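Raw model.txt, compact mmCIF, N, CA and C atoms:
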# COMPACT_ATOMS: atom_id res chain seq x y z
N MET A 25 -65.29 -5.69 35.20
CA MET A 25 -63.95 -5.17 35.38
C MET A 25 -62.98 -6.29 35.71
N THR A 26 -63.42 -7.24 36.44
CA THR A 26 -62.57 -8.36 36.78
C THR A 26 -62.16 -9.12 35.51
N GLU A 27 -63.08 -9.20 34.59
CA GLU A 27 -62.79 -9.89 33.34
C GLU A 27 -61.71 -9.15 32.54
N THR A 28 -61.72 -7.82 32.52
CA THR A 28 -60.74 -7.02 31.81
C THR A 28 -59.35 -7.21 32.41
N VAL A 29 -59.25 -7.23 33.70
CA VAL A 29 -57.96 -7.41 34.38
C VAL A 29 -57.40 -8.78 34.06
N LYS A 30 -58.22 -9.77 34.04
CA LYS A 30 -57.75 -11.13 33.74
C LYS A 30 -57.21 -11.20 32.30
N GLN A 31 -57.86 -10.52 31.38
CA GLN A 31 -57.40 -10.56 30.00
C GLN A 31 -56.04 -9.88 29.85
N SER A 32 -55.83 -8.75 30.50
CA SER A 32 -54.56 -8.06 30.36
C SER A 32 -53.43 -8.83 31.02
N ARG A 33 -53.72 -9.54 32.10
CA ARG A 33 -52.69 -10.37 32.73
C ARG A 33 -52.37 -11.59 31.88
N GLY A 34 -53.31 -12.06 31.15
CA GLY A 34 -53.12 -13.25 30.34
C GLY A 34 -52.42 -12.96 29.01
N MET A 35 -52.34 -11.71 28.60
CA MET A 35 -51.68 -11.36 27.34
C MET A 35 -50.17 -11.53 27.48
N ARG A 36 -49.57 -12.07 26.45
CA ARG A 36 -48.12 -12.26 26.44
C ARG A 36 -47.54 -11.32 25.38
N GLY A 37 -46.30 -10.90 25.58
CA GLY A 37 -45.65 -10.02 24.63
C GLY A 37 -44.33 -9.54 25.19
N PHE A 38 -43.67 -8.66 24.44
CA PHE A 38 -42.39 -8.11 24.86
C PHE A 38 -42.59 -6.71 25.41
N THR A 39 -41.83 -6.39 26.42
CA THR A 39 -41.87 -5.02 26.92
C THR A 39 -40.91 -4.18 26.09
N LEU A 40 -41.04 -2.90 26.20
CA LEU A 40 -40.17 -2.00 25.46
C LEU A 40 -38.72 -2.19 25.89
N LEU A 41 -38.49 -2.44 27.16
CA LEU A 41 -37.13 -2.65 27.67
C LEU A 41 -36.51 -3.89 27.04
N GLU A 42 -37.26 -4.98 26.96
CA GLU A 42 -36.74 -6.20 26.35
C GLU A 42 -36.42 -5.98 24.87
N LEU A 43 -37.28 -5.28 24.19
CA LEU A 43 -37.06 -4.97 22.78
C LEU A 43 -35.81 -4.12 22.60
N MET A 44 -35.59 -3.13 23.46
CA MET A 44 -34.41 -2.27 23.36
C MET A 44 -33.12 -3.04 23.65
N VAL A 45 -33.18 -4.01 24.55
CA VAL A 45 -31.99 -4.84 24.83
C VAL A 45 -31.63 -5.65 23.59
N VAL A 46 -32.63 -6.22 22.93
CA VAL A 46 -32.39 -7.00 21.72
C VAL A 46 -31.81 -6.10 20.62
N VAL A 47 -32.36 -4.92 20.45
CA VAL A 47 -31.85 -3.98 19.44
C VAL A 47 -30.41 -3.60 19.75
N ALA A 48 -30.08 -3.38 21.01
CA ALA A 48 -28.71 -3.04 21.39
C ALA A 48 -27.76 -4.19 21.09
N ILE A 49 -28.17 -5.41 21.37
CA ILE A 49 -27.31 -6.58 21.11
C ILE A 49 -27.09 -6.74 19.61
N VAL A 50 -28.13 -6.60 18.82
CA VAL A 50 -28.00 -6.70 17.37
C VAL A 50 -27.08 -5.60 16.84
N GLY A 51 -27.21 -4.40 17.38
CA GLY A 51 -26.34 -3.29 16.97
C GLY A 51 -24.88 -3.56 17.26
N ILE A 52 -24.60 -4.11 18.43
CA ILE A 52 -23.21 -4.42 18.80
C ILE A 52 -22.65 -5.51 17.88
N LEU A 53 -23.44 -6.55 17.64
CA LEU A 53 -22.97 -7.62 16.75
C LEU A 53 -22.73 -7.11 15.34
N ALA A 54 -23.62 -6.25 14.84
CA ALA A 54 -23.44 -5.68 13.51
C ALA A 54 -22.20 -4.79 13.46
N GLY A 55 -21.95 -4.04 14.54
CA GLY A 55 -20.76 -3.18 14.59
C GLY A 55 -19.47 -3.97 14.56
N ILE A 56 -19.51 -5.18 15.08
CA ILE A 56 -18.32 -6.04 15.06
C ILE A 56 -18.21 -6.77 13.73
N ALA A 57 -19.33 -7.25 13.21
CA ALA A 57 -19.32 -8.09 12.02
C ALA A 57 -19.08 -7.30 10.73
N TRP A 58 -19.59 -6.10 10.61
CA TRP A 58 -19.51 -5.35 9.34
C TRP A 58 -18.07 -5.08 8.90
N PRO A 59 -17.20 -4.57 9.78
CA PRO A 59 -15.80 -4.36 9.34
C PRO A 59 -15.11 -5.67 8.93
N SER A 60 -15.41 -6.75 9.64
CA SER A 60 -14.82 -8.04 9.28
C SER A 60 -15.30 -8.48 7.91
N TYR A 61 -16.56 -8.28 7.63
CA TYR A 61 -17.12 -8.64 6.34
C TYR A 61 -16.48 -7.81 5.22
N GLN A 62 -16.32 -6.51 5.45
CA GLN A 62 -15.71 -5.65 4.44
C GLN A 62 -14.28 -6.08 4.15
N GLU A 63 -13.52 -6.43 5.19
CA GLU A 63 -12.14 -6.89 4.99
C GLU A 63 -12.14 -8.21 4.23
N TYR A 64 -13.08 -9.07 4.53
CA TYR A 64 -13.19 -10.35 3.83
C TYR A 64 -13.44 -10.13 2.34
N VAL A 65 -14.33 -9.21 2.00
CA VAL A 65 -14.64 -8.91 0.61
C VAL A 65 -13.41 -8.32 -0.09
N LEU A 66 -12.72 -7.38 0.56
CA LEU A 66 -11.52 -6.79 -0.04
C LEU A 66 -10.45 -7.86 -0.29
N ARG A 67 -10.27 -8.73 0.70
CA ARG A 67 -9.27 -9.78 0.57
C ARG A 67 -9.63 -10.73 -0.58
N GLY A 68 -10.91 -11.03 -0.72
CA GLY A 68 -11.34 -11.87 -1.82
C GLY A 68 -11.11 -11.20 -3.17
N ASN A 69 -11.34 -9.90 -3.23
CA ASN A 69 -11.13 -9.17 -4.48
C ASN A 69 -9.65 -9.04 -4.82
N ARG A 70 -8.79 -9.03 -3.80
CA ARG A 70 -7.35 -8.94 -4.06
C ARG A 70 -6.86 -10.13 -4.87
N SER A 71 -7.49 -11.27 -4.68
CA SER A 71 -7.06 -12.46 -5.42
C SER A 71 -7.22 -12.25 -6.92
N GLU A 72 -8.17 -11.41 -7.31
CA GLU A 72 -8.34 -11.11 -8.74
C GLU A 72 -7.12 -10.35 -9.27
N GLY A 73 -6.62 -9.41 -8.51
CA GLY A 73 -5.42 -8.67 -8.91
C GLY A 73 -4.20 -9.56 -8.97
N MET A 74 -4.07 -10.46 -8.01
CA MET A 74 -2.93 -11.38 -8.00
C MET A 74 -3.01 -12.36 -9.18
N ALA A 75 -4.21 -12.81 -9.50
CA ALA A 75 -4.39 -13.71 -10.65
C ALA A 75 -4.03 -13.00 -11.95
N LEU A 76 -4.41 -11.74 -12.05
CA LEU A 76 -4.07 -10.95 -13.24
C LEU A 76 -2.55 -10.85 -13.39
N LEU A 77 -1.85 -10.60 -12.30
CA LEU A 77 -0.39 -10.51 -12.35
C LEU A 77 0.24 -11.86 -12.72
N SER A 78 -0.27 -12.94 -12.15
CA SER A 78 0.29 -14.26 -12.45
C SER A 78 0.09 -14.62 -13.91
N ASP A 79 -1.08 -14.33 -14.45
CA ASP A 79 -1.35 -14.60 -15.86
C ASP A 79 -0.43 -13.77 -16.75
N ALA A 80 -0.29 -12.50 -16.42
CA ALA A 80 0.58 -11.63 -17.22
C ALA A 80 2.04 -12.07 -17.14
N ALA A 81 2.49 -12.51 -15.97
CA ALA A 81 3.88 -12.97 -15.82
C ALA A 81 4.12 -14.23 -16.66
N ALA A 82 3.16 -15.14 -16.65
CA ALA A 82 3.30 -16.36 -17.46
C ALA A 82 3.36 -16.01 -18.95
N ARG A 83 2.54 -15.05 -19.36
CA ARG A 83 2.54 -14.64 -20.77
C ARG A 83 3.83 -13.89 -21.12
N GLN A 84 4.39 -13.16 -20.16
CA GLN A 84 5.69 -12.49 -20.38
C GLN A 84 6.78 -13.54 -20.65
N GLU A 85 6.78 -14.59 -19.84
CA GLU A 85 7.80 -15.63 -20.01
C GLU A 85 7.62 -16.35 -21.34
N ARG A 86 6.39 -16.61 -21.74
CA ARG A 86 6.13 -17.23 -23.03
C ARG A 86 6.60 -16.31 -24.16
N TYR A 87 6.31 -15.02 -24.03
CA TYR A 87 6.74 -14.04 -25.03
C TYR A 87 8.27 -14.00 -25.10
N PHE A 88 8.93 -14.04 -23.94
CA PHE A 88 10.40 -14.02 -23.90
C PHE A 88 10.98 -15.26 -24.59
N ALA A 89 10.36 -16.42 -24.36
CA ALA A 89 10.85 -17.65 -24.98
C ALA A 89 10.75 -17.59 -26.50
N GLN A 90 9.76 -16.88 -27.01
CA GLN A 90 9.56 -16.80 -28.46
C GLN A 90 10.32 -15.64 -29.10
N ASN A 91 10.54 -14.55 -28.34
CA ASN A 91 11.10 -13.32 -28.93
C ASN A 91 12.40 -12.85 -28.29
N ASN A 92 12.84 -13.50 -27.26
CA ASN A 92 14.06 -13.16 -26.54
C ASN A 92 14.04 -11.73 -25.99
N SER A 93 12.87 -11.25 -25.65
CA SER A 93 12.73 -9.95 -25.00
C SER A 93 11.39 -9.90 -24.27
N TYR A 94 11.31 -9.03 -23.30
CA TYR A 94 10.07 -8.85 -22.55
C TYR A 94 9.31 -7.64 -23.07
N ILE A 95 8.02 -7.60 -22.79
CA ILE A 95 7.21 -6.41 -23.06
C ILE A 95 7.43 -5.48 -21.87
N THR A 96 7.96 -4.28 -22.15
CA THR A 96 8.23 -3.34 -21.06
C THR A 96 7.53 -2.00 -21.27
N SER A 97 6.78 -1.89 -22.33
CA SER A 97 6.08 -0.65 -22.64
C SER A 97 4.57 -0.91 -22.67
N GLN A 98 3.84 -0.01 -22.07
CA GLN A 98 2.38 -0.15 -22.05
C GLN A 98 1.81 -0.16 -23.47
N SER A 99 2.46 0.53 -24.38
CA SER A 99 1.95 0.57 -25.76
C SER A 99 2.05 -0.79 -26.45
N ASP A 100 2.89 -1.69 -25.93
CA ASP A 100 3.05 -3.02 -26.52
C ASP A 100 2.32 -4.12 -25.75
N ILE A 101 1.57 -3.76 -24.74
CA ILE A 101 0.97 -4.77 -23.85
C ILE A 101 0.00 -5.70 -24.58
N ALA A 102 -0.59 -5.26 -25.66
CA ALA A 102 -1.52 -6.11 -26.42
C ALA A 102 -0.82 -7.34 -26.98
N LYS A 103 0.51 -7.28 -27.14
CA LYS A 103 1.26 -8.42 -27.67
C LYS A 103 1.22 -9.62 -26.73
N LEU A 104 0.87 -9.39 -25.47
CA LEU A 104 0.77 -10.50 -24.51
C LEU A 104 -0.54 -11.27 -24.69
N ALA A 105 -1.47 -10.74 -25.46
CA ALA A 105 -2.77 -11.38 -25.73
C ALA A 105 -3.52 -11.73 -24.46
N LEU A 106 -3.50 -10.81 -23.51
CA LEU A 106 -4.26 -11.01 -22.28
C LEU A 106 -5.74 -10.78 -22.54
N PRO A 107 -6.61 -11.55 -21.87
CA PRO A 107 -8.03 -11.28 -22.03
C PRO A 107 -8.38 -9.92 -21.42
N HIS A 108 -9.45 -9.34 -21.82
CA HIS A 108 -9.94 -8.06 -21.31
C HIS A 108 -8.96 -6.92 -21.62
N THR A 109 -8.37 -6.98 -22.81
CA THR A 109 -7.48 -5.93 -23.28
C THR A 109 -8.23 -5.05 -24.26
N SER A 110 -8.11 -3.75 -24.05
CA SER A 110 -8.71 -2.79 -24.97
C SER A 110 -7.65 -1.74 -25.28
N GLY A 111 -7.01 -1.86 -26.43
CA GLY A 111 -5.92 -0.96 -26.78
C GLY A 111 -4.73 -1.20 -25.87
N THR A 112 -4.40 -0.20 -25.06
CA THR A 112 -3.28 -0.34 -24.12
C THR A 112 -3.77 -0.56 -22.69
N THR A 113 -5.06 -0.80 -22.54
CA THR A 113 -5.64 -1.00 -21.21
C THR A 113 -5.97 -2.47 -21.00
N VAL A 114 -5.44 -3.03 -19.92
CA VAL A 114 -5.74 -4.42 -19.55
C VAL A 114 -6.40 -4.39 -18.19
N SER A 115 -7.58 -4.98 -18.10
CA SER A 115 -8.33 -5.04 -16.85
C SER A 115 -8.51 -6.48 -16.41
N SER A 116 -8.76 -6.66 -15.12
CA SER A 116 -9.11 -7.97 -14.60
C SER A 116 -10.52 -8.32 -15.08
N PRO A 117 -10.94 -9.56 -14.96
CA PRO A 117 -12.25 -9.97 -15.51
C PRO A 117 -13.44 -9.11 -15.05
N THR A 118 -13.46 -8.67 -13.81
CA THR A 118 -14.58 -7.84 -13.35
C THR A 118 -14.22 -6.37 -13.26
N GLY A 119 -13.03 -6.00 -13.72
CA GLY A 119 -12.62 -4.60 -13.75
C GLY A 119 -12.16 -4.03 -12.42
N LYS A 120 -11.88 -4.89 -11.46
CA LYS A 120 -11.44 -4.40 -10.14
C LYS A 120 -9.97 -3.97 -10.14
N TYR A 121 -9.20 -4.46 -11.12
CA TYR A 121 -7.78 -4.11 -11.22
C TYR A 121 -7.44 -3.77 -12.66
N ARG A 122 -6.45 -2.88 -12.82
CA ARG A 122 -5.94 -2.52 -14.13
C ARG A 122 -4.43 -2.81 -14.12
N LEU A 123 -3.96 -3.42 -15.20
CA LEU A 123 -2.57 -3.86 -15.30
C LEU A 123 -1.74 -2.84 -16.06
N THR A 124 -0.55 -2.58 -15.55
CA THR A 124 0.44 -1.78 -16.27
C THR A 124 1.76 -2.53 -16.26
N VAL A 125 2.59 -2.25 -17.24
CA VAL A 125 3.90 -2.87 -17.34
C VAL A 125 4.94 -1.77 -17.49
N SER A 126 6.10 -2.00 -16.89
CA SER A 126 7.18 -1.02 -16.98
C SER A 126 8.52 -1.73 -16.80
N LYS A 127 9.57 -0.96 -16.95
CA LYS A 127 10.93 -1.46 -16.72
C LYS A 127 11.52 -0.64 -15.59
N VAL A 128 11.94 -1.31 -14.54
CA VAL A 128 12.53 -0.66 -13.37
C VAL A 128 13.92 -1.26 -13.18
N ALA A 129 14.85 -0.49 -12.67
CA ALA A 129 16.21 -0.98 -12.45
C ALA A 129 16.20 -2.23 -11.58
N ASN A 130 16.99 -3.22 -11.98
CA ASN A 130 17.17 -4.47 -11.24
C ASN A 130 15.89 -5.29 -11.08
N ASP A 131 14.96 -5.17 -12.02
CA ASP A 131 13.72 -5.94 -11.91
C ASP A 131 13.77 -7.25 -12.70
N GLY A 132 14.87 -7.52 -13.36
CA GLY A 132 15.01 -8.76 -14.11
C GLY A 132 14.45 -8.70 -15.51
N GLY A 133 13.82 -7.61 -15.88
CA GLY A 133 13.31 -7.48 -17.24
C GLY A 133 12.01 -6.71 -17.34
N TYR A 134 11.13 -6.83 -16.36
CA TYR A 134 9.86 -6.10 -16.37
C TYR A 134 9.29 -6.01 -14.96
N THR A 135 8.40 -5.07 -14.76
CA THR A 135 7.62 -4.97 -13.53
C THR A 135 6.16 -4.79 -13.91
N LEU A 136 5.33 -5.67 -13.39
CA LEU A 136 3.89 -5.61 -13.62
C LEU A 136 3.23 -5.01 -12.38
N THR A 137 2.25 -4.15 -12.60
CA THR A 137 1.52 -3.52 -11.50
C THR A 137 0.03 -3.68 -11.73
N ALA A 138 -0.66 -4.17 -10.71
CA ALA A 138 -2.13 -4.28 -10.74
C ALA A 138 -2.67 -3.22 -9.78
N ALA A 139 -3.26 -2.17 -10.34
CA ALA A 139 -3.78 -1.07 -9.55
C ALA A 139 -5.29 -1.24 -9.33
N PRO A 140 -5.76 -1.10 -8.09
CA PRO A 140 -7.19 -1.27 -7.83
C PRO A 140 -8.01 -0.17 -8.49
N GLN A 141 -9.21 -0.54 -8.95
CA GLN A 141 -10.12 0.37 -9.64
C GLN A 141 -11.48 0.37 -8.94
N GLY A 142 -12.26 1.40 -9.16
CA GLY A 142 -13.62 1.46 -8.63
C GLY A 142 -13.66 1.37 -7.12
N ALA A 143 -14.59 0.59 -6.61
CA ALA A 143 -14.75 0.43 -5.16
C ALA A 143 -13.52 -0.21 -4.53
N GLN A 144 -12.82 -1.03 -5.31
CA GLN A 144 -11.62 -1.69 -4.79
C GLN A 144 -10.50 -0.68 -4.53
N ALA A 145 -10.59 0.50 -5.14
CA ALA A 145 -9.57 1.54 -4.93
C ALA A 145 -9.56 2.02 -3.48
N ASN A 146 -10.59 1.70 -2.72
CA ASN A 146 -10.63 2.06 -1.30
C ASN A 146 -9.78 1.13 -0.45
N ASP A 147 -9.12 0.18 -1.07
CA ASP A 147 -8.27 -0.77 -0.35
C ASP A 147 -6.97 -0.09 0.05
N THR A 148 -6.99 0.62 1.14
CA THR A 148 -5.80 1.35 1.59
C THR A 148 -4.85 0.44 2.37
N ARG A 149 -5.28 -0.76 2.69
CA ARG A 149 -4.43 -1.66 3.45
C ARG A 149 -3.29 -2.22 2.60
N CYS A 150 -3.58 -2.52 1.32
CA CYS A 150 -2.55 -3.09 0.44
C CYS A 150 -2.24 -2.20 -0.76
N GLY A 151 -3.23 -1.56 -1.32
CA GLY A 151 -3.02 -0.72 -2.49
C GLY A 151 -2.77 -1.54 -3.73
N SER A 152 -1.83 -1.12 -4.55
CA SER A 152 -1.49 -1.81 -5.79
C SER A 152 -0.55 -2.98 -5.50
N PHE A 153 -0.63 -3.99 -6.36
CA PHE A 153 0.27 -5.14 -6.27
C PHE A 153 1.29 -5.05 -7.39
N THR A 154 2.52 -5.47 -7.11
CA THR A 154 3.55 -5.51 -8.14
C THR A 154 4.18 -6.90 -8.17
N LEU A 155 4.66 -7.26 -9.34
CA LEU A 155 5.37 -8.52 -9.55
C LEU A 155 6.39 -8.28 -10.64
N ASP A 156 7.66 -8.64 -10.38
CA ASP A 156 8.67 -8.42 -11.41
C ASP A 156 9.16 -9.75 -11.98
N ALA A 157 10.05 -9.67 -12.95
CA ALA A 157 10.53 -10.85 -13.66
C ALA A 157 11.30 -11.80 -12.76
N VAL A 158 11.86 -11.30 -11.67
CA VAL A 158 12.61 -12.12 -10.74
C VAL A 158 11.66 -12.88 -9.81
N GLY A 159 10.41 -12.43 -9.75
CA GLY A 159 9.42 -13.06 -8.88
C GLY A 159 9.16 -12.30 -7.59
N ARG A 160 9.78 -11.13 -7.46
CA ARG A 160 9.56 -10.32 -6.24
C ARG A 160 8.17 -9.72 -6.27
N ARG A 161 7.49 -9.87 -5.16
CA ARG A 161 6.15 -9.33 -5.00
C ARG A 161 6.22 -8.07 -4.17
N GLY A 162 5.28 -7.17 -4.40
CA GLY A 162 5.24 -5.94 -3.63
C GLY A 162 3.84 -5.37 -3.54
N VAL A 163 3.68 -4.42 -2.64
CA VAL A 163 2.43 -3.68 -2.48
C VAL A 163 2.78 -2.21 -2.33
N SER A 164 1.84 -1.33 -2.66
CA SER A 164 2.15 0.09 -2.66
C SER A 164 1.73 0.82 -1.39
N ALA A 165 0.86 0.24 -0.58
CA ALA A 165 0.38 0.94 0.61
C ALA A 165 1.49 1.07 1.65
N ALA A 166 1.57 2.25 2.23
CA ALA A 166 2.59 2.50 3.25
C ALA A 166 2.34 1.61 4.47
N GLY A 167 3.37 0.94 4.91
CA GLY A 167 3.28 0.10 6.10
C GLY A 167 2.66 -1.27 5.85
N ALA A 168 2.27 -1.55 4.62
CA ALA A 168 1.66 -2.85 4.31
C ALA A 168 2.73 -3.93 4.28
N LYS A 169 2.35 -5.11 4.74
CA LYS A 169 3.26 -6.25 4.72
C LYS A 169 2.91 -7.12 3.53
N VAL A 170 3.91 -7.38 2.70
CA VAL A 170 3.71 -8.14 1.47
C VAL A 170 3.11 -9.52 1.77
N ALA A 171 3.61 -10.19 2.80
CA ALA A 171 3.12 -11.54 3.12
C ALA A 171 1.65 -11.53 3.50
N GLU A 172 1.18 -10.47 4.17
CA GLU A 172 -0.23 -10.39 4.56
C GLU A 172 -1.13 -10.08 3.38
N CYS A 173 -0.65 -9.24 2.47
CA CYS A 173 -1.47 -8.86 1.31
C CYS A 173 -1.49 -9.94 0.24
N TRP A 174 -0.38 -10.64 0.07
CA TRP A 174 -0.29 -11.67 -0.98
C TRP A 174 -0.65 -13.03 -0.41
N ARG A 175 -1.78 -13.16 0.23
CA ARG A 175 -2.20 -14.48 0.72
C ARG A 175 -3.57 -14.81 0.21

Kindly present the structure from the file in structure tokens form.
Amino acid sequence: MTETVKQSRGMRGFTLLELMVVVAIVGILAGIAWPSYQEYVLRGNRSEGMALLSDAAARQERYFAQNNSYITSQSDIAKLALPHTSGTTVSSPTGKYRLTVSKVANDGGYTLTAAPQGAQANDTRCGSFTLDAVGRRGVSAAGAKVAECWR
């Protein structure tokens, strides 16, 4: 019996309490890190929408230099020769944003809108991005700050 007691005292390991403390700490860290990670991913994906708008704006200016008019109708958007165009639908390279073009009062000639698609559509912080011929940037989400979304 003495030998059995010595063996159990000599065994090393974690108690259930120590294990539960570690699980609690990991849970707290995950609860803090996960929302930050999701925001980081959304912010990274927003750059795709902004790049789509910048490319389309550059192509609008090139089209204007050659034709003395802007593309203001979605049915004519293929004339901009943007990549990832299918008929009247223009998507960003991974499909996270879809581009539309329109004419709005005092926009300088055109307004481009990049609307989030798929999982990116859950981006309620910024929503859709807009860019007009004058260079004004905008976002569609209520209460969103343009400077925070366009960074």

- What is the distance between atom N of A:Pro107 and atom N of A:Ala145, in Å to one decimal? 21.0 Å

- Using only N, CA and C atoms, determine which residues lie at most 6.5 Å from stretch 110-121 of chain A, disregarding the query and same-chain residues fewer than 2 positions distant; provide the list as a list in words.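 The filter keeps Glu72, Gly73, Leu76, Gln98, Ser99, Ile101, Ala102, Pro107, His108, Leu123, Ala138, Ala139, Pro140, Gln141, Gly142 and Gln144 of chain A.
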
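Going from atom C of A:Glu172 to atom CA of A:Arg149 covers 9.0 Å.
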
- Item | alpha helix (DSSP H) residues, from DSSP on the backbone, in stretch 44-155 of chain A, as an MDAnalysis selection string | chainID A and resid 44:91

Restricting the output to N, CA and C atoms, write the selected residues as a compact mmCIF listing (two decimals), in the coordinates of the input.
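And here is the file that came out, result.txt:
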# COMPACT_ATOMS: atom_id res chain seq x y z
N MET A 44 -35.59 -3.13 23.46
CA MET A 44 -34.41 -2.27 23.36
C MET A 44 -33.12 -3.04 23.65
N VAL A 45 -33.18 -4.01 24.55
CA VAL A 45 -31.99 -4.84 24.83
C VAL A 45 -31.63 -5.65 23.59
N VAL A 46 -32.63 -6.22 22.93
CA VAL A 46 -32.39 -7.00 21.72
C VAL A 46 -31.81 -6.10 20.62
N VAL A 47 -32.36 -4.92 20.45
CA VAL A 47 -31.85 -3.98 19.44
C VAL A 47 -30.41 -3.60 19.75
N ALA A 48 -30.08 -3.38 21.01
CA ALA A 48 -28.71 -3.04 21.39
C ALA A 48 -27.76 -4.19 21.09
N ILE A 49 -28.17 -5.41 21.37
CA ILE A 49 -27.31 -6.58 21.11
C ILE A 49 -27.09 -6.74 19.61
N VAL A 50 -28.13 -6.60 18.82
CA VAL A 50 -28.00 -6.70 17.37
C VAL A 50 -27.08 -5.60 16.84
N GLY A 51 -27.21 -4.40 17.38
CA GLY A 51 -26.34 -3.29 16.97
C GLY A 51 -24.88 -3.56 17.26
N ILE A 52 -24.60 -4.11 18.43
CA ILE A 52 -23.21 -4.42 18.80
C ILE A 52 -22.65 -5.51 17.88
N LEU A 53 -23.44 -6.55 17.64
CA LEU A 53 -22.97 -7.62 16.75
C LEU A 53 -22.73 -7.11 15.34
N ALA A 54 -23.62 -6.25 14.84
CA ALA A 54 -23.44 -5.68 13.51
C ALA A 54 -22.20 -4.79 13.46
N GLY A 55 -21.95 -4.04 14.54
CA GLY A 55 -20.76 -3.18 14.59
C GLY A 55 -19.47 -3.97 14.56
N ILE A 56 -19.51 -5.18 15.08
CA ILE A 56 -18.32 -6.04 15.06
C ILE A 56 -18.21 -6.77 13.73
N ALA A 57 -19.33 -7.25 13.21
CA ALA A 57 -19.32 -8.09 12.02
C ALA A 57 -19.08 -7.30 10.73
N TRP A 58 -19.59 -6.10 10.61
CA TRP A 58 -19.51 -5.35 9.34
C TRP A 58 -18.07 -5.08 8.90
N PRO A 59 -17.20 -4.57 9.78
CA PRO A 59 -15.80 -4.36 9.34
C PRO A 59 -15.11 -5.67 8.93
N SER A 60 -15.41 -6.75 9.64
CA SER A 60 -14.82 -8.04 9.28
C SER A 60 -15.30 -8.48 7.91
N TYR A 61 -16.56 -8.28 7.63
CA TYR A 61 -17.12 -8.64 6.34
C TYR A 61 -16.48 -7.81 5.22
N GLN A 62 -16.32 -6.51 5.45
CA GLN A 62 -15.71 -5.65 4.44
C GLN A 62 -14.28 -6.08 4.15
N GLU A 63 -13.52 -6.43 5.19
CA GLU A 63 -12.14 -6.89 4.99
C GLU A 63 -12.14 -8.21 4.23
N TYR A 64 -13.08 -9.07 4.53
CA TYR A 64 -13.19 -10.35 3.83
C TYR A 64 -13.44 -10.13 2.34
N VAL A 65 -14.33 -9.21 2.00
CA VAL A 65 -14.64 -8.91 0.61
C VAL A 65 -13.41 -8.32 -0.09
N LEU A 66 -12.72 -7.38 0.56
CA LEU A 66 -11.52 -6.79 -0.04
C LEU A 66 -10.45 -7.86 -0.29
N ARG A 67 -10.27 -8.73 0.70
CA ARG A 67 -9.27 -9.78 0.57
C ARG A 67 -9.63 -10.73 -0.58
N GLY A 68 -10.91 -11.03 -0.72
CA GLY A 68 -11.34 -11.87 -1.82
C GLY A 68 -11.11 -11.20 -3.17
N ASN A 69 -11.34 -9.90 -3.23
CA ASN A 69 -11.13 -9.17 -4.48
C ASN A 69 -9.65 -9.04 -4.82
N ARG A 70 -8.79 -9.03 -3.80
CA ARG A 70 -7.35 -8.94 -4.06
C ARG A 70 -6.86 -10.13 -4.87
N SER A 71 -7.49 -11.27 -4.68
CA SER A 71 -7.06 -12.46 -5.42
C SER A 71 -7.22 -12.25 -6.92
N GLU A 72 -8.17 -11.41 -7.31
CA GLU A 72 -8.34 -11.11 -8.74
C GLU A 72 -7.12 -10.35 -9.27
N GLY A 73 -6.62 -9.41 -8.51
CA GLY A 73 -5.42 -8.67 -8.91
C GLY A 73 -4.20 -9.56 -8.97
N MET A 74 -4.07 -10.46 -8.01
CA MET A 74 -2.93 -11.38 -8.00
C MET A 74 -3.01 -12.36 -9.18
N ALA A 75 -4.21 -12.81 -9.50
CA ALA A 75 -4.39 -13.71 -10.65
C ALA A 75 -4.03 -13.00 -11.95
N LEU A 76 -4.41 -11.74 -12.05
CA LEU A 76 -4.07 -10.95 -13.24
C LEU A 76 -2.55 -10.85 -13.39
N LEU A 77 -1.85 -10.60 -12.30
CA LEU A 77 -0.39 -10.51 -12.35
C LEU A 77 0.24 -11.86 -12.72
N SER A 78 -0.27 -12.94 -12.15
CA SER A 78 0.29 -14.26 -12.45
C SER A 78 0.09 -14.62 -13.91
N ASP A 79 -1.08 -14.33 -14.45
CA ASP A 79 -1.35 -14.60 -15.86
C ASP A 79 -0.43 -13.77 -16.75
N ALA A 80 -0.29 -12.50 -16.42
CA ALA A 80 0.58 -11.63 -17.22
C ALA A 80 2.04 -12.07 -17.14
N ALA A 81 2.49 -12.51 -15.97
CA ALA A 81 3.88 -12.97 -15.82
C ALA A 81 4.12 -14.23 -16.66
N ALA A 82 3.16 -15.14 -16.65
CA ALA A 82 3.30 -16.36 -17.46
C ALA A 82 3.36 -16.01 -18.95
N ARG A 83 2.54 -15.05 -19.36
CA ARG A 83 2.54 -14.64 -20.77
C ARG A 83 3.83 -13.89 -21.12
N GLN A 84 4.39 -13.16 -20.16
CA GLN A 84 5.69 -12.49 -20.38
C GLN A 84 6.78 -13.54 -20.65
N GLU A 85 6.78 -14.59 -19.84
CA GLU A 85 7.80 -15.63 -20.01
C GLU A 85 7.62 -16.35 -21.34
N ARG A 86 6.39 -16.61 -21.74
CA ARG A 86 6.13 -17.23 -23.03
C ARG A 86 6.60 -16.31 -24.16
N TYR A 87 6.31 -15.02 -24.03
CA TYR A 87 6.74 -14.04 -25.03
C TYR A 87 8.27 -14.00 -25.10
N PHE A 88 8.93 -14.04 -23.94
CA PHE A 88 10.40 -14.02 -23.90
C PHE A 88 10.98 -15.26 -24.59
N ALA A 89 10.36 -16.42 -24.36
CA ALA A 89 10.85 -17.65 -24.98
C ALA A 89 10.75 -17.59 -26.50
N GLN A 90 9.76 -16.88 -27.01
CA GLN A 90 9.56 -16.80 -28.46
C GLN A 90 10.32 -15.64 -29.10
N ASN A 91 10.54 -14.55 -28.34
CA ASN A 91 11.10 -13.32 -28.93
C ASN A 91 12.40 -12.85 -28.29

For stretch 144-156 of chain A, take all atoms listed in the file, fit an axis-aligned box around them, add 4 Å to each of the six sides, then output centre and edge lengths in Å rounded to one decimal, as JSON.
{"center_x": -1.8, "center_y": -3.8, "center_z": -4.3, "size_x": 30.0, "size_y": 19.8, "size_z": 23.4}

- Note on the structure: Pairwise distance, atom CA of A:Ser152 with atom CA of A:Ser97, equals 18.5 Å
